[in-house]
file start.txt (compact mmCIF, C-alpha atoms)
# COMPACT_ATOMS: atom_id res chain seq x y z
CA MET A 1 58.95 462.47 274.81
CA LYS A 2 55.24 463.20 274.96
CA ILE A 3 54.51 460.24 272.72
CA PHE A 4 56.68 458.01 274.88
CA LEU A 5 54.93 459.08 278.07
CA ARG A 6 51.50 458.75 276.52
CA ASN A 7 52.28 455.23 275.32
CA GLY A 8 53.85 454.40 278.65
CA CYS A 9 50.76 455.53 280.52
CA ALA A 10 48.60 453.45 278.23
CA CYS A 11 50.76 450.39 278.90
CA LEU A 12 50.63 450.93 282.66
CA ALA A 13 46.88 451.33 282.54
CA ALA A 14 46.55 448.12 280.57
CA LEU A 15 48.73 446.27 283.07
CA ALA A 16 46.68 447.60 285.95
CA ALA A 17 43.47 446.51 284.28
CA ALA A 18 44.89 443.07 283.65
CA GLY A 19 45.95 442.76 287.26
CA SER A 20 42.57 443.68 288.63
CA GLY A 21 40.48 441.81 286.07
CA ARG A 22 41.13 438.94 283.69
CA ALA A 23 44.33 437.00 284.25
CA GLN A 24 47.11 436.52 281.73
CA ALA A 25 46.71 433.53 279.42
CA LYS A 26 48.30 430.42 280.89
CA PRO A 27 51.15 428.58 279.15
CA PHE A 28 49.31 425.25 279.37
CA ALA A 29 45.77 423.94 279.74
CA ALA A 30 44.46 421.37 282.20
CA GLY A 31 43.42 418.11 280.54
CA PRO A 32 39.90 417.55 281.95
CA GLU A 33 39.00 421.19 281.38
CA VAL A 34 40.10 421.02 277.74
CA GLN A 35 38.02 417.88 277.17
CA LYS A 36 34.93 419.53 278.64
CA ILE A 37 35.33 422.65 276.48
CA TYR A 38 36.03 420.48 273.40
CA ASP A 39 32.84 418.51 274.02
CA GLN A 40 30.89 421.78 274.23
CA LEU A 41 32.46 423.30 271.10
CA LEU A 42 32.44 420.38 268.66
CA PRO A 43 28.64 419.98 268.23
CA GLN A 44 28.37 423.71 267.52
CA ILE A 45 31.32 423.62 265.12
CA ASP A 46 29.72 420.67 263.32
CA ARG A 47 26.74 422.92 262.53
CA ILE A 48 28.87 425.56 260.78
CA PRO A 49 28.49 425.23 256.99
CA ILE A 50 31.84 424.85 255.23
CA TYR A 51 33.14 426.98 252.38
CA ASP A 52 35.75 424.66 250.85
CA ASN A 53 38.57 426.67 249.29
CA HIS A 54 40.21 423.83 247.37
CA SER A 55 39.06 420.51 245.91
CA HIS A 56 39.21 418.31 242.85
CA ALA A 57 35.60 417.18 242.96
CA THR A 58 35.35 414.53 240.29
CA PHE A 59 34.74 410.98 239.24
CA PRO A 60 38.09 409.16 238.87
CA ASP A 61 37.88 408.66 235.10
CA ASP A 62 37.41 412.37 234.31
CA SER A 63 40.61 413.69 232.70
CA ASP A 64 39.53 417.29 233.36
CA MET A 65 39.97 416.82 237.12
CA ASP A 66 43.45 418.36 236.99
CA ALA A 67 45.91 419.96 234.58
CA GLN A 68 48.40 417.19 235.27
CA ALA A 69 48.40 413.51 236.14
CA ALA A 70 50.06 411.61 238.94
CA PRO A 71 53.48 410.29 237.90
CA PRO A 72 54.02 406.53 237.83
CA ASP A 73 55.01 404.69 240.99
CA GLU A 74 54.43 407.61 243.33
CA SER A 75 54.59 406.78 247.02
CA SER A 76 51.73 407.55 249.39
CA VAL A 77 51.92 408.87 252.95
CA LEU A 78 50.63 406.49 255.59
CA ARG A 79 47.26 408.13 256.10
CA LEU A 80 46.37 408.02 252.38
CA ARG A 81 46.91 404.31 251.88
CA ASP A 82 43.94 402.01 251.31
CA SER A 83 44.67 400.36 254.64
CA ASN A 84 43.64 403.49 256.56
CA PRO A 85 40.45 402.50 258.44
CA GLU A 86 39.28 406.11 258.31
CA PHE A 87 38.39 405.63 254.64
CA VAL A 88 36.14 402.74 255.61
CA ALA A 89 34.52 405.00 258.22
CA GLY A 90 33.96 407.63 255.51
CA ALA A 91 32.37 405.09 253.17
CA LYS A 92 30.08 403.92 255.97
CA ALA A 93 29.06 407.49 256.85
CA LEU A 94 28.37 408.52 253.25
CA PHE A 95 27.03 405.32 251.69
CA GLY A 96 26.22 402.85 254.46
CA TYR A 97 29.14 400.68 253.32
CA PRO A 98 28.47 397.25 254.87
CA TYR A 99 32.07 396.03 255.18
CA ASP A 100 35.03 396.77 257.44
CA ASP A 101 37.80 396.71 254.83
CA PHE A 102 38.50 397.35 251.15
CA GLN A 103 39.19 393.79 250.09
CA PRO A 104 38.54 393.70 246.30
CA GLU A 105 35.32 391.73 246.62
CA HIS A 106 34.07 394.22 249.23
CA ALA A 107 35.31 397.39 247.52
CA GLN A 108 33.35 396.41 244.41
CA TRP A 109 30.12 397.18 246.29
CA LEU A 110 31.28 400.77 246.66
CA ILE A 111 32.64 401.03 243.12
CA ASP A 112 29.34 399.81 241.66
CA LYS A 113 27.39 402.42 243.65
CA LYS A 114 29.62 405.23 242.39
CA LYS A 115 29.60 404.02 238.79
CA ALA A 116 25.80 403.93 238.90
CA ALA A 117 25.72 407.54 240.11
CA GLU A 118 28.10 408.59 237.32
CA LYS A 119 26.01 406.81 234.71
CA ALA A 120 22.80 408.40 235.99
CA GLY A 121 24.18 411.87 235.27
CA GLY A 122 22.85 415.11 236.67
CA THR A 123 24.16 417.16 239.58
CA ALA A 124 22.19 415.60 242.44
CA TYR A 125 24.89 413.08 243.40
CA TRP A 126 27.70 415.53 244.20
CA ASP A 127 25.25 417.98 245.77
CA SER A 128 24.23 415.16 248.10
CA ILE A 129 27.85 414.53 249.09
CA LEU A 130 28.21 418.18 250.08
CA ASP A 131 24.91 418.09 251.94
CA LYS A 132 25.95 415.06 254.01
CA LEU A 133 29.12 416.88 255.07
CA ASN A 134 27.47 420.28 255.62
CA ILE A 135 29.59 421.85 252.87
CA GLU A 136 27.76 424.86 251.47
CA THR A 137 30.14 425.90 248.69
CA CYS A 138 33.15 424.20 247.14
CA LEU A 139 35.85 425.52 244.82
CA ALA A 140 36.65 422.90 242.17
CA ASN A 141 40.13 423.01 240.64
CA ARG A 142 39.55 421.65 237.16
CA VAL A 143 40.48 422.15 233.52
CA ALA A 144 36.76 422.72 232.94
CA LEU A 145 33.79 422.43 235.27
CA GLY A 146 32.13 419.05 234.70
CA PRO A 147 28.46 418.89 233.71
CA TYR A 148 27.75 416.76 236.79
CA LEU A 149 28.80 419.61 239.14
CA ASN A 150 26.18 422.17 240.09
CA PRO A 151 27.72 425.63 239.42
CA GLN A 152 25.64 427.04 242.27
CA ARG A 153 27.57 424.83 244.69
CA PHE A 154 30.84 424.14 242.86
CA HIS A 155 32.78 427.19 241.70
CA TRP A 156 35.48 426.85 239.06
CA VAL A 157 39.20 427.49 239.65
CA PHE A 158 41.07 427.20 236.34
CA PHE A 159 44.73 426.36 235.67
CA VAL A 160 47.18 428.80 234.05
CA ASP A 161 50.62 427.12 234.08
CA SER A 162 50.26 426.15 230.43
CA PHE A 163 50.79 429.77 229.39
CA LEU A 164 54.36 429.45 230.69
CA PHE A 165 55.21 426.71 228.15
CA PRO A 166 54.55 428.01 224.61
CA LEU A 167 58.08 427.31 223.27
CA ASP A 168 59.86 424.07 222.38
CA ASN A 169 59.71 422.01 225.59
CA ARG A 170 61.87 419.03 224.73
CA ASP A 171 64.51 420.03 227.30
CA GLN A 172 61.79 420.63 229.91
CA THR A 173 60.19 417.24 229.25
CA GLY A 174 63.52 415.44 229.47
CA LYS A 175 64.52 416.75 232.90
CA ASN A 176 63.12 413.73 234.77
CA PRO A 177 60.35 411.11 234.42
CA ASP A 178 57.82 413.26 236.27
CA MET A 179 58.29 416.16 233.85
CA GLY A 180 57.86 413.66 231.04
CA VAL A 181 54.31 413.21 232.34
CA TYR A 182 53.56 416.82 233.29
CA ILE A 183 54.79 418.92 230.37
CA PRO A 184 52.85 417.22 227.53
CA LEU A 185 49.66 417.85 229.53
CA GLN A 186 50.52 421.56 229.79
CA GLU A 187 51.06 421.68 226.02
CA LYS A 188 47.68 420.03 225.52
CA ILE A 189 45.91 422.61 227.70
CA LEU A 190 47.63 425.50 225.92
CA LYS A 191 46.32 424.16 222.60
CA ARG A 192 42.88 423.95 224.16
CA TYR A 193 43.07 427.61 225.20
CA LEU A 194 44.25 428.63 221.73
CA GLN A 195 41.24 426.87 220.22
CA GLN A 196 38.95 428.45 222.80
CA GLU A 197 40.14 431.91 221.72
CA ASN A 198 40.04 431.02 218.00
CA VAL A 199 43.80 431.52 217.68
CA SER A 200 45.25 429.23 215.00
CA GLY A 201 48.82 429.24 216.31
CA LEU A 202 51.22 431.16 218.50
CA PRO A 203 51.03 434.90 217.78
CA ALA A 204 53.94 436.39 215.83
CA ASP A 205 55.11 438.70 218.61
CA LEU A 206 55.07 438.99 222.37
CA ALA A 207 52.37 441.66 222.34
CA GLY A 208 50.07 439.23 220.55
CA TYR A 209 50.84 436.44 223.02
CA GLU A 210 50.26 438.74 225.99
CA SER A 211 46.93 439.80 224.50
CA PHE A 212 45.92 436.14 224.04
CA VAL A 213 46.81 435.33 227.65
CA ARG A 214 44.99 438.33 229.11
CA GLN A 215 41.91 437.63 227.01
CA THR A 216 41.81 433.94 228.02
CA LEU A 217 41.92 434.87 231.71
CA ALA A 218 39.08 437.35 231.23
CA ASP A 219 37.03 434.85 229.22
CA ASN A 220 37.53 432.11 231.80
CA GLN A 221 36.30 434.48 234.47
CA ARG A 222 33.21 435.25 232.37
CA LYS A 223 32.64 431.50 232.04
CA GLY A 224 32.40 431.23 235.81
CA GLY A 225 36.00 431.13 237.00
CA VAL A 226 36.38 432.56 240.51
CA ALA A 227 40.17 432.16 240.75
CA MET A 228 43.17 431.03 238.73
CA LYS A 229 45.63 428.37 239.84
CA PHE A 230 49.39 427.86 239.47
CA GLU A 231 50.93 424.43 239.97
CA ALA A 232 54.29 425.95 239.05
CA ALA A 233 56.09 424.41 242.05
CA TYR A 234 55.94 421.08 240.20
CA PHE A 235 57.89 422.52 237.27
CA ARG A 236 60.30 425.09 238.68
CA SER A 237 61.09 427.32 241.65
CA LEU A 238 58.37 429.60 242.94
CA TYR A 239 60.90 432.41 242.86
CA PHE A 240 60.02 434.68 239.93
CA SER A 241 62.46 437.43 239.00
CA ASP A 242 61.38 440.68 237.37
CA PRO A 243 63.06 440.83 233.94
CA PRO A 244 62.53 443.73 231.54
CA ARG A 245 60.01 443.24 228.77
CA GLU A 246 62.70 443.73 226.11
CA ARG A 247 64.50 440.55 227.18
CA ALA A 248 61.31 438.49 227.16
CA GLU A 249 60.34 439.92 223.78
CA ALA A 250 63.70 438.99 222.24
CA ILE A 251 63.41 435.43 223.55
CA TYR A 252 59.86 435.02 222.25
CA LEU A 253 60.75 436.41 218.82
CA LYS A 254 63.73 434.06 218.58
CA TYR A 255 61.99 430.84 219.61
CA HIS A 256 58.22 431.07 219.07
CA ALA A 257 58.54 429.56 215.59
CA GLY A 258 61.13 426.92 216.52
CA GLY A 259 64.40 426.18 218.26
CA VAL A 260 65.06 425.10 221.82
CA PRO A 261 65.63 427.94 224.30
CA SER A 262 68.27 427.60 226.97
CA SER A 263 67.10 427.02 230.52
CA GLU A 264 68.08 430.58 231.40
CA ASP A 265 66.18 432.09 228.48
CA TYR A 266 63.07 430.00 229.15
CA ARG A 267 63.15 430.97 232.83
CA THR A 268 63.44 434.66 231.92
CA PHE A 269 60.48 434.42 229.56
CA GLN A 270 58.39 432.59 232.18
CA ASP A 271 59.24 435.13 234.86
CA TYR A 272 58.05 437.96 232.66
CA LEU A 273 54.87 436.16 231.53
CA PHE A 274 54.06 435.22 235.12
CA ARG A 275 53.97 438.90 236.06
CA VAL A 276 51.71 439.66 233.10
CA MET A 277 49.24 437.16 234.52
CA ILE A 278 49.53 438.53 238.06
CA ASP A 279 48.90 442.03 236.73
CA GLN A 280 45.84 440.87 234.80
CA ALA A 281 44.50 439.00 237.83
CA GLY A 282 44.63 442.23 239.82
CA LYS A 283 42.77 444.11 237.10
CA LEU A 284 40.09 441.41 236.97
CA ASN A 285 39.85 441.08 240.78
CA LEU A 286 40.61 437.40 240.24
CA PRO A 287 42.32 435.69 243.20
CA VAL A 288 45.51 433.79 242.39
CA HIS A 289 46.04 430.33 243.90
CA PHE A 290 49.47 428.69 244.25
CA HIS A 291 50.39 425.14 245.07
CA SER A 292 52.77 425.91 247.93
CA ALA A 293 53.67 422.72 249.74
CA VAL A 294 55.16 419.30 249.35
CA GLY A 295 53.99 417.60 246.16
CA ILE A 296 53.64 414.16 244.65
CA GLY A 297 56.26 412.42 242.52
CA ASP A 298 59.83 411.32 243.09
CA TYR A 299 61.36 414.56 241.80
CA PHE A 300 59.32 417.24 243.53
CA SER A 301 61.66 419.84 245.07
CA LEU A 302 60.78 421.00 248.57
CA ARG A 303 63.21 423.89 248.19
CA ASN A 304 61.52 425.08 244.97
CA GLY A 305 58.06 424.80 246.54
CA ASN A 306 58.88 426.77 249.68
CA PRO A 307 56.33 429.61 249.85
CA LEU A 308 59.04 432.06 250.92
CA ASN A 309 60.16 432.01 247.28
CA LEU A 310 57.05 434.09 246.52
CA GLU A 311 57.83 436.81 249.06
CA ASN A 312 59.14 439.28 246.47
CA VAL A 313 55.85 438.99 244.56
CA LEU A 314 53.54 439.03 247.58
CA ARG A 315 55.26 442.13 248.97
CA ASP A 316 55.39 443.96 245.64
CA PRO A 317 53.31 447.17 245.90
CA ARG A 318 52.32 446.82 242.24
CA TYR A 319 50.21 443.82 243.22
CA ARG A 320 48.69 445.12 246.44
CA LYS A 321 45.20 444.80 244.94
CA THR A 322 45.79 441.22 243.80
CA LYS A 323 44.55 438.57 246.22
CA PHE A 324 46.89 435.63 246.71
CA VAL A 325 45.89 432.26 248.19
CA LEU A 326 48.76 429.95 249.09
CA ILE A 327 47.02 426.62 249.25
CA HIS A 328 48.10 423.59 251.28
CA GLY A 329 49.42 425.82 254.06
CA GLY A 330 52.97 425.69 252.69
CA TYR A 331 53.36 422.32 254.40
CA PRO A 332 55.86 421.55 255.89
CA TYR A 333 56.67 425.29 256.04
CA THR A 334 53.48 426.14 257.92
CA LEU A 335 55.03 428.71 260.25
CA GLU A 336 56.70 430.59 257.39
CA MET A 337 53.38 430.48 255.59
CA ILE A 338 51.31 432.18 258.25
CA TRP A 339 53.77 435.05 258.49
CA LEU A 340 53.38 435.65 254.76
CA THR A 341 49.70 436.30 255.45
CA ALA A 342 50.63 439.36 257.48
CA ALA A 343 49.97 441.11 254.16
CA LYS A 344 46.25 441.79 253.97
CA ASN A 345 45.96 440.43 250.42
CA VAL A 346 47.55 437.03 251.23
CA TYR A 347 45.64 433.97 252.48
CA THR A 348 46.41 430.33 253.12
CA ASP A 349 44.35 427.17 253.54
CA SER A 350 44.66 423.79 255.23
CA SER A 351 43.95 421.68 252.15
CA LEU A 352 46.10 418.56 251.77
CA VAL A 353 47.52 419.17 255.28
CA GLY A 354 44.16 418.13 256.69
CA TYR A 355 44.50 414.60 255.41
CA TYR A 356 48.28 414.22 255.24
CA VAL A 357 48.61 414.57 259.02
CA TYR A 358 46.31 413.33 261.75
CA PRO A 359 44.03 415.73 263.68
CA SER A 360 46.42 415.88 266.64
CA GLU A 361 49.08 417.50 264.42
CA LEU A 362 46.60 419.56 262.39
CA LYS A 363 45.39 420.95 265.73
CA ASN A 364 48.87 422.31 266.45
CA ILE A 365 49.13 423.96 263.04
CA LEU A 366 45.68 425.56 263.27
CA LYS A 367 46.36 426.72 266.84
CA GLN A 368 49.48 428.53 265.64
CA TRP A 369 47.62 430.14 262.74
CA ILE A 370 44.69 431.23 264.93
CA SER A 371 47.12 432.81 267.36
CA LEU A 372 48.61 434.98 264.60
CA TYR A 373 46.36 435.84 261.63
CA PRO A 374 42.96 434.10 261.94
CA GLU A 375 41.45 436.43 259.31
CA ARG A 376 43.63 434.88 256.60
CA MET A 377 43.17 431.16 257.18
CA LEU A 378 40.74 429.09 255.11
CA PHE A 379 39.47 425.53 255.15
CA GLY A 380 40.27 423.43 252.09
CA SER A 381 39.68 419.73 251.58
CA ASP A 382 41.82 418.93 248.51
CA ALA A 383 39.30 416.13 247.92
CA PHE A 384 40.69 413.91 245.18
CA PRO A 385 39.97 410.39 243.91
CA PHE A 386 42.82 408.02 244.71
CA ASN A 387 41.23 405.05 242.97
CA ASP A 388 37.81 403.70 242.00
CA ALA A 389 36.93 402.79 245.60
CA VAL A 390 38.57 405.58 247.63
CA GLY A 391 37.31 408.62 245.76
CA ALA A 392 36.91 412.33 246.26
CA GLU A 393 33.85 411.48 248.36
CA GLU A 394 35.88 409.77 251.09
CA THR A 395 38.62 412.41 251.03
CA PHE A 396 35.96 415.12 251.39
CA TRP A 397 34.76 413.27 254.49
CA LEU A 398 38.26 412.74 255.89
CA ALA A 399 39.31 416.37 255.41
CA ALA A 400 36.08 417.82 256.82
CA ARG A 401 36.03 415.59 259.90
CA SER A 402 39.73 416.19 260.56
CA ALA A 403 39.32 419.96 260.29
CA ARG A 404 36.24 420.15 262.52
CA THR A 405 37.80 418.04 265.26
CA ALA A 406 41.21 419.73 265.00
CA ILE A 407 39.85 423.28 265.11
CA ALA A 408 37.62 422.32 268.07
CA ALA A 409 40.65 420.90 269.91
CA ALA A 410 42.84 423.93 269.12
CA LEU A 411 40.16 426.35 270.29
CA ALA A 412 39.43 424.28 273.41
CA GLU A 413 43.06 424.56 274.44
CA LEU A 414 43.11 428.30 273.84
CA VAL A 415 39.90 428.82 275.81
CA ALA A 416 41.27 426.70 278.68
CA GLU A 417 44.49 428.72 278.57
CA GLY A 418 42.50 431.92 278.97
CA ALA A 419 43.19 433.35 275.49
CA PHE A 420 39.49 434.09 274.91
CA ARG A 421 36.01 432.85 275.76
CA GLU A 422 33.93 430.19 274.03
CA GLU A 423 31.90 432.78 272.13
CA LYS A 424 35.09 434.07 270.52
CA ALA A 425 36.20 430.52 269.82
CA LEU A 426 33.05 429.84 267.80
CA GLU A 427 33.50 433.10 265.91
CA LEU A 428 37.04 432.03 264.99
CA ALA A 429 35.85 428.56 263.95
CA ARG A 430 33.26 430.10 261.64
CA MET A 431 35.88 432.42 260.14
CA TYR A 432 38.12 429.45 259.31
CA LEU A 433 35.42 427.09 258.05
CA HIS A 434 33.28 429.60 256.16
CA ASP A 435 33.38 433.35 256.58
CA ASN A 436 36.93 434.18 255.46
CA ALA A 437 36.44 432.39 252.15
CA ALA A 438 32.93 433.77 251.65
CA HIS A 439 34.30 437.28 252.06
CA LEU A 440 37.29 436.62 249.79
CA TYR A 441 35.18 435.36 246.88
CA GLY A 442 32.49 437.97 247.02
CA GLY A 443 29.95 437.08 249.62
CA SER A 444 27.82 434.14 250.60
CA LYS A 445 25.52 433.23 253.46

call {"tool": "encode", "arguments": {"input": "start.txt", "output": "structure tokens"}}
result
Amino acid sequence: MKIFLRNGCACLAALAAAGSGRAQAKPFAAGPEVQKIYDQLLPQIDRIPIYDNHSHATFPDDSDMDAQAAPPDESSVLRLRDSNPEFVAGAKALFGYPYDDFQPEHAQWLIDKKKAAEKAGGTAYWDSILDKLNIETCLANRVALGPYLNPQRFHWVFFVDSFLFPLDNRDQTGKNPDMGVYIPLQEKILKRYLQQENVSGLPADLAGYESFVRQTLADNQRKGGVAMKFEAAYFRSLYFSDPPRERAEAIYLKYHAGGVPSSEDYRTFQDYLFRVMIDQAGKLNLPVHFHSAVGIGDYFSLRNGNPLNLENVLRDPRYRKTKFVLIHGGYPYTLEMIWLTAAKNVYTDSSLVGYYVYPSELKNILKQWISLYPERMLFGSDAFPFNDAVGAEETFWLAARSARTAIAAALAELVAEGAFREEKALELARMYLHDNAAHLYGGSK
């Protein structure tokens, strides 16, 4: 009873203070007022240096840009088609592009400029792209960090899905045409890791394979890796069960030297190995990134990629020291995503979302996130080369401009609604664009 009364008094006091001082936040904001606040906020937000949580910074002919390739005949959302005039605006802003379209004879001007930069070598070119966009630091998701990327500006995020595919994968590869593209690339990367660790073939027992996996993660971190990345949603459900080691060991012993495991056996082995990697990530203080959104290809499963599939892992007390980053905002499950970040070791970012949808819709998503867990939201560009003309450079520009304008609009509405003042709005903008990521990865400016 005493606790109830004490809490009740506190509530009454708070209500009294609210009545005599600042008013309750309004359920809507007046248009002219929002525009005025937006115009005040945007120039200040433009000056905030960006810490980009997710990109594929690369020239288009670099096969190390990703652990997988785009499947044939994939369809593109409206905003990512060559006809989008925003890409022309990006090319003009970054390169002084003299044309108003990407007709082949015009696009060649841009292609020649980029090819010349690639041929020149060195790290100055990509540093200059970041400088023009006021991007301080950028995480590059790559098989290996390219020699043309300055490791002081571009930090390496390495892929780990290949460890889940050490057995005979013919049934996996034959599931659909997309898997026919993806799985051979995972096998290739696994062989690359085996060579890196001077392992001549698959170890004879599960203990040996676990040791190889743990050592590779540690070595990649020593080579500059700041996080590890799962693209598992492209291959299977993000739901990982928790099988006993004995079952995984029996499966590995039966199939590591040959034979095709059943789907159930392979899934059990993967679920166990996945948790070995999560455990090692926690011991190394190595954040774990997940693709957690819609994906490319005709056979990508939205149900399998739903971030809620990971809830049993994210809420597992064994992994409370492991930091999880669910990239792409779980799109289109953005509301479910932000509630997963109620756990203090779970983050999300706006990569991919920031150029899939237009700023008016991105504004709504960011406004919802800010209203719930602003400490766990990160900017990400997902910059990626779509072809020789529209490259990672233009998608960097598109994502950065979209995010700055969308966050300014979201904050302007919240200020106009009376949620907080402009000073708080700028603090929240800096958290999203820079500070949250800088804190997560160990400090920056």

call {"tool": "atom_distance", "arguments": {"input": "start.txt", "atom1": "atom CA of Arg236 of chain A", "atom2": "atom CA of Arg142 of chain A"}}
result
21.1 Å

call {"tool": "residues_around", "arguments": {"input": "start.txt", "residues": "Lys367 of chain A", "least_positions_apart": "6", "cutoff": "8 Å", "atoms": "only C-alpha atoms", "output": "VMD selection string"}}
result
chain A and resid 407 410 to 411 414

call {"tool": "atom_distance", "arguments": {"input": "start.txt", "atom1": "atom CA of Leu217 of chain A", "atom2": "atom CA of Leu273 of chain A"}}
result
13.0 Å

call {"tool": "atom_distance", "arguments": {"input": "start.txt", "atom1": "atom CA of Glu361 of chain A", "atom2": "atom CA of Ala406 of chain A"}}
result
8.2 Å

call {"tool": "residues_around", "arguments": {"input": "start.txt", "residues": "segment 291-300 of chain A", "least_positions_apart": "5", "cutoff": "6 Å", "atoms": "all atoms listed in the file", "output": "mmCIF file with C-alpha atoms, keeping the file's coordinate frame"}}
result
data_model
loop_
_atom_site.group_PDB
_atom_site.id
_atom_site.type_symbol
_atom_site.label_atom_id
_atom_site.label_comp_id
_atom_site.auth_asym_id
_atom_site.auth_seq_id
_atom_site.Cartn_x
_atom_site.Cartn_y
_atom_site.Cartn_z
ATOM 1 C CA PRO A 71 53.480 410.290 237.900
ATOM 2 C CA GLU A 74 54.430 407.610 243.330
ATOM 3 C CA GLU A 231 50.930 424.430 239.970
ATOM 4 C CA GLY A 305 58.060 424.800 246.540
ATOM 5 C CA PRO A 307 56.330 429.610 249.850
ATOM 6 C CA LEU A 326 48.760 429.950 249.090
ATOM 7 C CA ILE A 327 47.020 426.620 249.250
ATOM 8 C CA HIS A 328 48.100 423.590 251.280
ATOM 9 C CA GLY A 330 52.970 425.690 252.690
ATOM 10 C CA TYR A 331 53.360 422.320 254.400
#

call {"tool": "residues_around", "arguments": {"input": "start.txt", "residues": "Lys26 of chain A", "least_positions_apart": "6", "cutoff": "10 Å", "atoms": "only C-alpha atoms", "output": "PyMOL selection string"}}
result
chain A and resi 414-419

call {"tool": "decode", "arguments": {"input": "start.txt", "residues": "segment 167-185 of chain A", "atoms": "N, CA and C atoms", "output": "PDB file, in the first residue's frame"}}
result
ATOM      1  N   LEU A 167      29.034 -29.308 -45.706  1.00  0.00           N
ATOM      2  CA  LEU A 167      28.689 -30.661 -46.143  1.00  0.00           C
ATOM      3  C   LEU A 167      28.307 -30.656 -47.620  1.00  0.00           C
ATOM      4  N   ASP A 168      27.864 -31.777 -48.136  1.00  0.00           N
ATOM      5  CA  ASP A 168      27.460 -31.874 -49.540  1.00  0.00           C
ATOM      6  C   ASP A 168      26.211 -31.020 -49.743  1.00  0.00           C
ATOM      7  N   ASN A 169      26.296 -30.041 -50.634  1.00  0.00           N
ATOM      8  CA  ASN A 169      25.241 -29.036 -50.787  1.00  0.00           C
ATOM      9  C   ASN A 169      24.393 -29.213 -52.038  1.00  0.00           C
ATOM     10  N   ARG A 170      24.448 -30.385 -52.652  1.00  0.00           N
ATOM     11  CA  ARG A 170      23.730 -30.519 -53.922  1.00  0.00           C
ATOM     12  C   ARG A 170      22.223 -30.310 -53.744  1.00  0.00           C
ATOM     13  N   ASP A 171      21.657 -30.775 -52.625  1.00  0.00           N
ATOM     14  CA  ASP A 171      20.230 -30.546 -52.400  1.00  0.00           C
ATOM     15  C   ASP A 171      19.948 -29.079 -52.131  1.00  0.00           C
ATOM     16  N   GLN A 172      20.868 -28.389 -51.430  1.00  0.00           N
ATOM     17  CA  GLN A 172      20.707 -26.962 -51.165  1.00  0.00           C
ATOM     18  C   GLN A 172      20.738 -26.175 -52.468  1.00  0.00           C
ATOM     19  N   THR A 173      21.692 -26.493 -53.324  1.00  0.00           N
ATOM     20  CA  THR A 173      21.871 -25.767 -54.584  1.00  0.00           C
ATOM     21  C   THR A 173      20.685 -25.965 -55.508  1.00  0.00           C
ATOM     22  N   GLY A 174      20.050 -27.136 -55.431  1.00  0.00           N
ATOM     23  CA  GLY A 174      18.960 -27.445 -56.347  1.00  0.00           C
ATOM     24  C   GLY A 174      17.598 -26.956 -55.915  1.00  0.00           C
ATOM     25  N   LYS A 175      17.500 -26.257 -54.795  1.00  0.00           N
ATOM     26  CA  LYS A 175      16.191 -25.826 -54.296  1.00  0.00           C
ATOM     27  C   LYS A 175      15.483 -24.874 -55.248  1.00  0.00           C
ATOM     28  N   ASN A 176      16.215 -23.941 -55.828  1.00  0.00           N
ATOM     29  CA  ASN A 176      15.643 -22.978 -56.771  1.00  0.00           C
ATOM     30  C   ASN A 176      16.798 -22.297 -57.505  1.00  0.00           C
ATOM     31  N   PRO A 177      16.516 -21.573 -58.584  1.00  0.00           N
ATOM     32  CA  PRO A 177      17.598 -20.939 -59.347  1.00  0.00           C
ATOM     33  C   PRO A 177      18.457 -19.969 -58.542  1.00  0.00           C
ATOM     34  N   ASP A 178      17.852 -19.256 -57.594  1.00  0.00           N
ATOM     35  CA  ASP A 178      18.632 -18.322 -56.782  1.00  0.00           C
ATOM     36  C   ASP A 178      19.682 -19.070 -55.962  1.00  0.00           C
ATOM     37  N   MET A 179      19.278 -20.178 -55.331  1.00  0.00           N
ATOM     38  CA  MET A 179      20.222 -20.948 -54.538  1.00  0.00           C
ATOM     39  C   MET A 179      21.314 -21.540 -55.423  1.00  0.00           C
ATOM     40  N   GLY A 180      20.986 -21.792 -56.680  1.00  0.00           N
ATOM     41  CA  GLY A 180      21.998 -22.266 -57.609  1.00  0.00           C
ATOM     42  C   GLY A 180      23.097 -21.245 -57.831  1.00  0.00           C
ATOM     43  N   VAL A 181      22.783 -19.968 -57.614  1.00  0.00           N
ATOM     44  CA  VAL A 181      23.788 -18.903 -57.688  1.00  0.00           C
ATOM     45  C   VAL A 181      24.490 -18.730 -56.347  1.00  0.00           C
ATOM     46  N   TYR A 182      23.720 -18.750 -55.258  1.00  0.00           N
ATOM     47  CA  TYR A 182      24.253 -18.396 -53.944  1.00  0.00           C
ATOM     48  C   TYR A 182      25.188 -19.456 -53.349  1.00  0.00           C
ATOM     49  N   ILE A 183      24.769 -20.709 -53.346  1.00  0.00           N
ATOM     50  CA  ILE A 183      25.485 -21.735 -52.595  1.00  0.00           C
ATOM     51  C   ILE A 183      26.903 -21.979 -53.114  1.00  0.00           C
ATOM     52  N   PRO A 184      27.136 -22.063 -54.428  1.00  0.00           N
ATOM     53  CA  PRO A 184      28.526 -22.233 -54.879  1.00  0.00           C
ATOM     54  C   PRO A 184      29.452 -21.117 -54.402  1.00  0.00           C
ATOM     55  N   LEU A 185      28.929 -19.906 -54.247  1.00  0.00           N
ATOM     56  CA  LEU A 185      29.751 -18.805 -53.741  1.00  0.00           C
ATOM     57  C   LEU A 185      30.083 -19.010 -52.262  1.00  0.00           C
TER      58      LEU A 185
END
